[in-house]
file query_19.txt (compact mmCIF, C-alpha atoms and all ligand atoms)
# COMPACT_ATOMS: atom_id res chain seq x y z
CA MET K 532 -3.19 18.83 -7.09
CA LEU K 533 -1.77 15.65 -5.68
CA ASP K 534 -2.53 12.06 -4.74
CA LEU K 535 -0.14 10.33 -2.35
CA HIS K 536 -1.50 6.78 -2.31
CA THR K 537 -1.65 4.87 -5.61
CA HIS K 538 -1.01 1.36 -6.92
CA THR K 539 0.15 0.14 -10.33
CA THR K 540 0.50 -3.23 -12.07
CA ALA K 541 3.80 -3.57 -10.18
CA SER K 542 1.58 -4.71 -7.30
CA ASP K 543 -2.21 -5.09 -7.39
CA GLY K 544 -3.17 -2.01 -9.41
CA GLN K 545 -4.66 -2.29 -12.89
CA LEU K 546 -2.84 0.51 -14.72
CA THR K 547 0.81 0.38 -15.71
CA PRO K 548 3.00 3.09 -14.17
CA ALA K 549 2.95 5.01 -17.48
CA GLN K 550 -0.86 4.73 -17.77
CA LEU K 551 -1.21 5.96 -14.19
CA VAL K 552 0.89 9.05 -14.94
CA GLU K 553 -1.14 9.69 -18.08
CA LEU K 554 -4.44 9.45 -16.19
CA ALA K 555 -3.10 11.69 -13.43
CA ARG K 556 -2.22 14.35 -15.99
CA GLU K 557 -5.59 14.05 -17.69
CA ILE K 558 -7.43 14.77 -14.47
CA GLY K 559 -5.17 17.70 -13.62
CA LEU K 560 -2.82 16.31 -10.98
CA ASP K 561 0.82 17.42 -10.94
CA THR K 562 2.16 15.14 -8.19
CA ILE K 563 1.56 11.50 -7.35
CA ALA K 564 3.27 9.10 -4.99
CA ILE K 565 3.38 5.49 -6.16
CA THR K 566 2.95 3.25 -3.12
CA ASP K 567 2.86 -0.31 -4.43
CA HIS K 568 2.84 -3.22 -1.98
CA ASP K 569 6.34 -4.55 -1.29
CA THR K 570 7.88 -3.31 -4.54
CA THR K 571 9.36 -0.15 -5.99
CA SER K 572 9.60 -1.59 -9.50
CA GLY K 573 6.96 0.75 -10.98
CA ILE K 574 8.57 3.98 -9.87
CA ILE K 575 11.36 4.42 -12.41
CA GLN K 576 8.95 3.66 -15.27
CA ALA K 577 6.52 6.26 -13.95
CA GLN K 578 9.27 8.83 -13.50
CA GLU K 579 10.43 8.21 -17.06
CA ALA K 580 6.89 8.62 -18.35
CA ALA K 581 6.37 11.86 -16.42
CA PRO K 582 6.66 15.11 -18.38
CA SER K 583 8.50 18.07 -16.91
CA GLY K 584 6.52 19.75 -14.18
CA PHE K 585 4.97 16.44 -13.09
CA GLU K 586 6.45 14.78 -10.03
CA VAL K 587 6.44 11.09 -9.11
CA ILE K 588 7.36 10.52 -5.46
CA ALA K 589 9.09 7.22 -4.65
CA GLY K 590 6.83 5.43 -2.18
CA ILE K 591 6.03 2.01 -0.76
CA GLU K 592 3.24 0.34 1.19
CA LEU K 593 4.38 -2.28 3.69
CA SER K 594 2.06 -4.75 5.41
CA ALA K 595 2.72 -5.17 9.10
CA GLU K 596 0.69 -7.17 11.54
CA ASP K 597 0.15 -7.41 15.24
CA ALA K 598 -2.36 -9.10 17.51
CA GLY K 599 -4.99 -6.52 16.51
CA GLY K 600 -4.70 -7.33 12.79
CA ASP K 601 -3.23 -5.66 9.72
CA VAL K 602 -1.33 -2.38 9.92
CA HIS K 603 -0.23 -0.82 6.64
CA MET K 604 2.70 1.60 6.60
CA LEU K 605 3.41 4.03 3.78
CA GLY K 606 6.97 5.14 3.07
CA TYR K 607 7.78 8.33 1.14
CA CYS K 608 10.89 9.70 -0.57
CA ILE K 609 12.71 6.43 -0.19
CA ASP K 610 16.13 5.68 -1.62
CA LEU K 611 15.42 3.06 -4.29
CA ASP K 612 19.01 1.83 -4.29
CA ASN K 613 19.18 0.97 -0.60
CA ALA K 614 20.32 -2.67 -0.55
CA ILE K 615 18.95 -3.57 2.88
CA PHE K 616 15.55 -2.20 1.93
CA GLN K 617 15.43 -3.97 -1.46
CA THR K 618 16.54 -7.29 0.07
CA ALA K 619 13.75 -7.04 2.63
CA LEU K 620 11.17 -6.30 -0.09
CA GLU K 621 12.38 -9.30 -2.06
CA GLU K 622 11.85 -11.50 0.96
CA PHE K 623 8.32 -10.15 1.50
CA ARG K 624 7.49 -10.83 -2.14
CA SER K 625 8.71 -14.42 -2.01
CA ARG K 626 6.73 -14.97 1.20
CA ARG K 627 3.64 -13.70 -0.64
CA TYR K 628 4.35 -16.02 -3.56
CA PHE K 629 4.74 -19.16 -1.46
CA ARG K 630 1.74 -18.23 0.59
CA ALA K 631 -0.37 -17.89 -2.57
CA GLN K 632 0.78 -21.33 -3.67
CA LYS K 633 -0.23 -22.81 -0.32
CA ILE K 634 -3.66 -21.17 -0.61
CA ALA K 635 -4.08 -22.71 -4.08
CA GLU K 636 -3.18 -26.11 -2.59
CA LYS K 637 -5.79 -25.67 0.14
CA LEU K 638 -8.42 -24.71 -2.43
CA ALA K 639 -7.57 -27.82 -4.48
CA ALA K 640 -8.01 -29.92 -1.34
CA LEU K 641 -11.44 -28.28 -0.90
CA GLU K 642 -12.22 -29.37 -4.47
CA LEU K 643 -12.10 -25.80 -5.69
CA PRO K 644 -9.05 -26.03 -7.94
CA VAL K 645 -7.76 -22.82 -9.53
CA GLU K 646 -5.18 -22.82 -12.31
CA TRP K 647 -1.87 -21.38 -11.10
CA ASP K 648 -1.17 -20.06 -14.60
CA ARG K 649 -4.47 -18.20 -14.50
CA ILE K 650 -3.63 -16.59 -11.13
CA GLU K 651 -0.28 -15.45 -12.53
CA ALA K 652 -1.97 -14.06 -15.64
CA ILE K 653 -4.46 -12.09 -13.51
CA ALA K 654 -1.57 -10.67 -11.47
CA GLU K 655 0.04 -9.49 -14.75
CA GLY K 656 3.58 -9.87 -13.44
CA GLY K 657 2.84 -8.04 -10.19
CA ALA K 658 3.11 -9.47 -6.69
CA ILE K 659 0.54 -12.28 -6.43
CA GLY K 660 -1.92 -11.77 -3.61
CA ARG K 661 -5.23 -13.00 -2.33
CA PRO K 662 -7.24 -10.57 -4.55
CA HIS K 663 -5.80 -12.31 -7.63
CA ILE K 664 -6.76 -15.72 -6.26
CA ALA K 665 -10.22 -14.40 -5.47
CA ARG K 666 -10.65 -13.24 -9.06
CA ALA K 667 -9.56 -16.66 -10.36
CA MET K 668 -12.16 -18.25 -8.06
CA MET K 669 -14.78 -15.92 -9.47
CA GLU K 670 -13.84 -16.85 -13.04
CA ALA K 671 -14.10 -20.53 -12.12
CA GLY K 672 -17.63 -19.88 -10.87
CA TYR K 673 -16.98 -20.82 -7.23
CA VAL K 674 -18.04 -17.41 -5.95
CA THR K 675 -19.85 -14.42 -7.43
CA SER K 676 -17.58 -11.70 -6.06
CA VAL K 677 -14.11 -11.07 -4.65
CA LYS K 678 -15.79 -10.14 -1.38
CA GLU K 679 -17.52 -13.52 -1.21
CA ALA K 680 -14.22 -15.31 -1.93
CA PHE K 681 -12.65 -13.54 1.06
CA GLU K 682 -15.61 -14.00 3.38
CA ARG K 683 -16.13 -17.69 2.66
CA PHE K 684 -12.57 -18.92 2.04
CA LEU K 685 -9.63 -16.52 2.13
CA GLU K 686 -9.89 -14.28 5.15
CA ASN K 687 -8.27 -14.99 8.51
CA GLY K 688 -9.94 -18.11 9.91
CA GLY K 689 -11.37 -19.16 6.52
CA PRO K 690 -10.85 -22.71 5.20
CA ALA K 691 -8.22 -21.61 2.65
CA TYR K 692 -6.48 -19.07 4.88
CA VAL K 693 -2.72 -19.31 5.18
CA ALA K 694 -0.87 -17.18 7.71
CA ARG K 695 2.19 -15.26 6.61
CA LYS K 696 5.13 -14.18 8.74
CA ARG K 697 5.06 -10.42 8.78
CA LEU K 698 6.75 -7.32 10.05
CA SER K 699 5.71 -5.75 13.30
CA PRO K 700 4.42 -2.17 12.93
CA GLU K 701 7.61 -0.92 14.64
CA GLU K 702 9.82 -2.83 12.18
CA SER K 703 7.93 -1.35 9.23
CA VAL K 704 8.72 2.18 10.46
CA GLU K 705 12.36 1.26 11.01
CA LEU K 706 12.72 -0.33 7.59
CA ILE K 707 11.39 2.80 5.88
CA HIS K 708 13.86 4.92 7.87
CA ILE K 709 16.71 2.62 6.80
CA ALA K 710 15.82 3.52 3.21
CA GLY K 711 15.89 7.21 4.11
CA GLY K 712 12.13 7.61 3.85
CA ALA K 713 9.36 9.10 5.97
CA ALA K 714 6.95 6.58 7.57
CA VAL K 715 3.23 7.33 7.53
CA LEU K 716 0.48 5.20 9.10
CA ALA K 717 -1.87 4.23 6.24
CA HIS K 718 -5.68 4.45 6.47
CA PRO K 719 -6.04 4.48 10.28
CA VAL K 720 -9.73 3.66 9.78
CA TYR K 721 -8.62 0.06 9.18
CA VAL K 722 -6.30 -0.09 12.17
CA LYS K 723 -7.81 -1.57 15.28
CA ASP K 724 -7.48 1.11 18.00
CA HIS K 725 -5.56 3.58 15.86
CA ARG K 726 -4.95 5.90 18.83
CA ALA K 727 -3.08 3.20 20.73
CA MET K 728 -1.16 2.27 17.59
CA ILE K 729 -0.05 5.86 16.99
CA ASP K 730 1.05 6.19 20.64
CA ARG K 731 2.99 2.97 20.29
CA LEU K 732 4.77 4.13 17.13
CA LEU K 733 5.73 7.62 18.30
CA PRO K 734 8.82 6.38 20.22
CA VAL K 735 10.17 4.61 17.09
CA GLY K 736 9.77 7.80 15.07
CA LEU K 737 6.49 7.56 13.17
CA ASP K 738 6.56 10.59 10.85
CA GLY K 739 2.98 11.02 9.77
CA ILE K 740 -0.62 9.88 9.49
CA GLU K 741 -2.76 9.42 6.39
CA VAL K 742 -5.51 11.80 7.44
CA VAL K 743 -7.41 12.20 4.18
CA TYR K 744 -8.66 8.89 2.78
CA PRO K 745 -11.82 7.83 0.90
CA ASP K 746 -13.16 5.81 3.85
CA HIS K 747 -12.39 8.48 6.48
CA PRO K 748 -15.54 10.29 7.61
CA PRO K 749 -15.11 13.99 8.53
CA ALA K 750 -15.18 13.25 12.28
CA LEU K 751 -12.30 10.79 11.98
CA GLN K 752 -10.32 13.25 9.84
CA ALA K 753 -10.80 15.91 12.51
CA GLU K 754 -9.64 13.53 15.22
CA LEU K 755 -6.55 12.52 13.21
CA ARG K 756 -5.73 16.17 12.52
CA ALA K 757 -5.80 16.90 16.24
CA ILE K 758 -3.54 13.90 16.98
CA ALA K 759 -1.11 14.98 14.23
CA GLN K 760 -0.94 18.51 15.54
CA ALA K 761 -0.39 17.36 19.12
CA HIS K 762 2.56 15.15 18.13
CA ASP K 763 4.04 17.13 15.23
CA LEU K 764 3.11 14.41 12.72
CA ILE K 765 2.90 15.10 8.99
CA MET K 766 -0.64 14.90 7.59
CA THR K 767 -0.95 13.13 4.23
CA GLY K 768 -3.75 11.81 2.09
CA GLY K 769 -4.51 9.75 -0.96
CA SER K 770 -7.16 7.78 -2.81
CA ASP K 771 -5.53 4.29 -2.63
CA PHE K 772 -6.28 4.14 -6.35
CA HIS K 773 -6.15 0.61 -7.79
CA GLY K 774 -7.84 1.04 -11.17
CA LEU K 775 -10.83 2.46 -12.99
CA ASN K 776 -14.36 1.35 -12.17
CA LEU K 777 -13.42 -1.02 -9.37
CA PRO K 778 -16.38 -1.51 -7.04
CA GLY K 779 -15.71 -0.09 -3.60
CA LYS K 780 -12.46 1.56 -4.70
CA ALA K 781 -11.92 5.29 -5.11
CA MET K 782 -10.95 7.26 -8.19
CA LEU K 783 -7.49 8.76 -8.57
CA GLY K 784 -7.44 12.31 -7.21
CA SER K 785 -10.81 11.86 -5.47
CA VAL K 786 -9.52 13.14 -2.14
CA THR K 787 -7.56 16.31 -1.44
CA PRO K 788 -4.46 15.80 0.70
CA PRO K 789 -2.97 18.79 2.58
CA ALA K 790 -1.07 20.86 0.01
CA ASP K 791 2.08 21.12 2.14
CA ALA K 792 2.38 17.34 2.68
CA VAL K 793 5.02 16.77 0.00
CA GLN K 794 7.31 19.49 1.27
CA ALA K 795 7.03 18.16 4.82
CA LEU K 796 7.74 14.58 3.73
CA LYS K 797 10.77 15.68 1.73
CA ALA K 798 12.17 17.68 4.63
CA ARG K 799 11.73 14.74 7.01
CA ALA K 800 13.28 12.26 4.56
CA ALA K 801 16.23 14.62 3.98
CA ASP K 802 16.86 14.56 7.75
CA TYR K 803 17.07 10.75 7.74
CA SER K 804 19.36 10.66 4.73
CA GLN K 805 21.67 13.20 6.35
CA HIS K 806 21.85 11.29 9.62
CA ARG K 807 22.75 8.11 7.82
CA ALA K 808 25.49 9.75 5.74
ZN ZN G 901 -3.36 -0.48 2.55
ZN ZN G 902 -2.77 1.01 -0.70
call {"tool": "encode", "arguments": {"input": "query_19.txt", "output": "structure tokens", "more": "lines below"}}
Ligand SMILES: [Zn+2]
Ligand SMILES: [Zn+2]
result
Amino acid sequence: MLDLHTHTTASDGQLTPAQLVELAREIGLDTIAITDHDTTSGIIQAQEAAPSGFEVIAGIELSAEDAGGDVHMLGYCIDLDNAIFQTALEEFRSRRYFRAQKIAEKLAALELPVEWDRIEAIAEGGAIGRPHIARAMMEAGYVTSVKEAFERFLENGGPAYVARKRLSPEESVELIHIAGGAAVLAHPVYVKDHRAMIDRLLPVGLDGIEVVYPDHPPALQAELRAIAQAHDLIMTGGSDFHGLNLPGKAMLGSVTPPADAVQALKARAADYSQHRA
């Protein structure tokens, strides 16, 4: 049993890497991939916490953007020591940080001040993002839910929105390959015109598609399976677990990815590592 899309406190998840491994074991999983946003800092801790027979795959989730909106790219079996990759992640994290500060400034100008210390405390040392700001706004009583904070203030076009320079979808695939990993298009349900996006990414070597996902209805899964088979793309899946009892978020292990996904990802990543050597 496996789950190939999970987040820890290293980014915006609520369980530490060790707690995530413990929960995974409790519910009977034997393999998880940790795919935190823009950081690999939770992976070693999780691997150290893992007992023998339990595998933690080194993953990442990158945020790319194009005219159609957000495109998330998952990377699997990445080389954690790749300097180019780690430098790029560091830059993404500092862009996130400065962006969050600018959002806080905009909120203050709107007479909705949020304490920066409180935002940092909510993020618990992880990469600060809009969800943390939204929770601080909720605590301050400005909104009644994270959703409302996004809809009224934080989302693209909102009064406290701040744009962030981001990777193109092509660059996100290339960066994952530089780190010797396999690149998989995350949750195509949230990609505007996912068919066109997949076609666009095939020439740069997209390796797979996240077919099984909590918000993917059976018809979409069937369509993605057919696309994957037509283009020899690896089919993966995961719950996008962020923590227990989070409204609108799925439970760890709640979807069943194809059983051969890990082997396929490893084989593909081994190819990239060989070609670089
Ligand atoms: Zn995502
Ligand atoms: Zn995710």
call {"tool": "closest_residue", "arguments": {"input": "query_19.txt", "among": "K:Leu560, K:Leu764, K:Leu796, K:Leu593", "to": "ligand ZN 901 (chain G)", "atoms": "all atoms listed in the file"}}
result
K:Leu593
call {"tool": "residues_around", "arguments": {"input": "query_19.txt", "residues": "Lys696 (chain K)", "least_positions_apart": "6", "cutoff": "10 Å", "atoms": "only C-alpha atoms", "output": "count of residues only"}}
result
6
call {"tool": "atom_distance", "arguments": {"input": "query_19.txt", "atom1": "CA of Glu621 (chain K)", "atom2": "CA of Asp567 (chain K)"}}
result
13.3 Å
call {"tool": "residues_near_ligand", "arguments": {"input": "query_19.txt", "ligand": "ligand ZN 902 (chain G)", "cutoff": "8 Å", "atoms": "all atoms listed in the file", "output": "list in words"}}
result
His536, Thr537, His538, Thr566, Asp567, His568, Glu592, His603, Ala717, Asp771, Phe772 and His773 of chain K
call {"tool": "closest_residue", "arguments": {"input": "query_19.txt", "among": "K:Glu646, K:Asp802, K:Asp746, K:Glu636", "to": "ligand ZN 901 (chain G)", "atoms": "all atoms listed in the file"}}
result
K:Asp746
call {"tool": "closest_residue", "arguments": {"input": "query_19.txt", "among": "K:Gly606, K:Pro644, K:Gly784, K:Pro778", "to": "ligand ZN 901 (chain G)", "atoms": "only C-alpha atoms and all ligand atoms"}}
result
K:Gly606
call {"tool": "closest_residue", "arguments": {"input": "query_19.txt", "among": "K:Ala795, K:Ala577, K:Ile707, K:Leu620", "to": "Thr539 (chain K)", "atoms": "all atoms listed in the file"}}
result
K:Ala577
call {"tool": "atom_distance", "arguments": {"input": "query_19.txt", "atom1": "CA of Ala761 (chain K)", "atom2": "CA of Ile729 (chain K)"}}
result
11.7 Å
call {"tool": "atom_distance", "arguments": {"input": "query_19.txt", "atom1": "CA of Ile588 (chain K)", "atom2": "CA of Ile574 (chain K)"}}
result
8.0 Å
call {"tool": "axis_aligned_box", "arguments": {"input": "query_19.txt", "around": "region 746-755 of chain K", "padding_each_side": "6 Å", "output": "lines of an AutoDock Vina configuration file"}}
result
center_x = -11.0
center_y = 10.9
center_z = 9.5
size_x = 21.0
size_y = 22.1
size_z = 23.4
call {"tool": "residues_around", "arguments": {"input": "query_19.txt", "residues": "region 654-670 of chain K", "least_positions_apart": "3", "cutoff": "10 Å", "atoms": "only C-alpha atoms", "output": "number ranges by chain"}}
result
K: 539-545, 547, 567-570, 572-573, 623-625, 627-632, 634-635, 638, 643-651, 673-681, 684-686, 692
call {"tool": "residues_around", "arguments": {"input": "query_19.txt", "residues": "Ala564 (chain K)", "least_positions_apart": "6", "cutoff": "9 Å", "atoms": "only C-alpha atoms", "output": "compact mmCIF listing (two decimals) with C-alpha atoms, in the coordinates of the input"}}
result
# COMPACT_ATOMS: atom_id res chain seq x y z
CA LEU K 533 -1.77 15.65 -5.68
CA ASP K 534 -2.53 12.06 -4.74
CA LEU K 535 -0.14 10.33 -2.35
CA HIS K 536 -1.50 6.78 -2.31
CA THR K 537 -1.65 4.87 -5.61
CA ILE K 574 8.57 3.98 -9.87
CA GLU K 586 6.45 14.78 -10.03
CA VAL K 587 6.44 11.09 -9.11
CA ILE K 588 7.36 10.52 -5.46
CA ALA K 589 9.09 7.22 -4.65
CA GLY K 590 6.83 5.43 -2.18
CA ILE K 591 6.03 2.01 -0.76
CA TYR K 607 7.78 8.33 1.14
CA CYS K 608 10.89 9.70 -0.57
CA GLY K 769 -4.51 9.75 -0.96
call {"tool": "closest_residue", "arguments": {"input": "query_19.txt", "among": "K:Ala652, K:Ala694, K:Leu732, K:Leu605", "to": "ligand ZN 901 (chain G)", "atoms": "only C-alpha atoms and all ligand atoms"}}
result
K:Leu605
call {"tool": "residues_around", "arguments": {"input": "query_19.txt", "residues": "Gly739 (chain K)", "least_positions_apart": "3", "cutoff": "6 Å", "atoms": "all atoms listed in the file", "output": "short mmCIF file (atom, residue, chain, number, x, y, z; two decimals) with C-alpha atoms, in the frame of the given file"}}
result
data_model
loop_
_atom_site.label_atom_id
_atom_site.label_comp_id
_atom_site.auth_asym_id
_atom_site.auth_seq_id
_atom_site.Cartn_x
_atom_site.Cartn_y
_atom_site.Cartn_z
CA VAL K 715 3.23 7.33 7.53
CA LEU K 764 3.11 14.41 12.72
CA ILE K 765 2.90 15.10 8.99
CA MET K 766 -0.64 14.90 7.59
#
call {"tool": "closest_residue", "arguments": {"input": "query_19.txt", "among": "K:Leu737, K:Ala801, K:Ala714, K:Ala614", "to": "Asp763 (chain K)", "atoms": "only C-alpha atoms"}}
result
K:Leu737
call {"tool": "residues_near_point", "arguments": {"input": "query_19.txt", "point": "(4.4, 10.8, 19.6)", "cutoff": "6 Å", "atoms": "only C-alpha atoms", "output": "PyMOL selection string"}}
result
chain K and resi 730+733+762
call {"tool": "residues_around", "arguments": {"input": "query_19.txt", "residues": "Arg731 (chain K)", "least_positions_apart": "3", "cutoff": "12 Å", "atoms": "all atoms listed in the file", "output": "PyMOL selection string"}}
result
chain K and resi 597+699-701+704+716+724-728+734-737
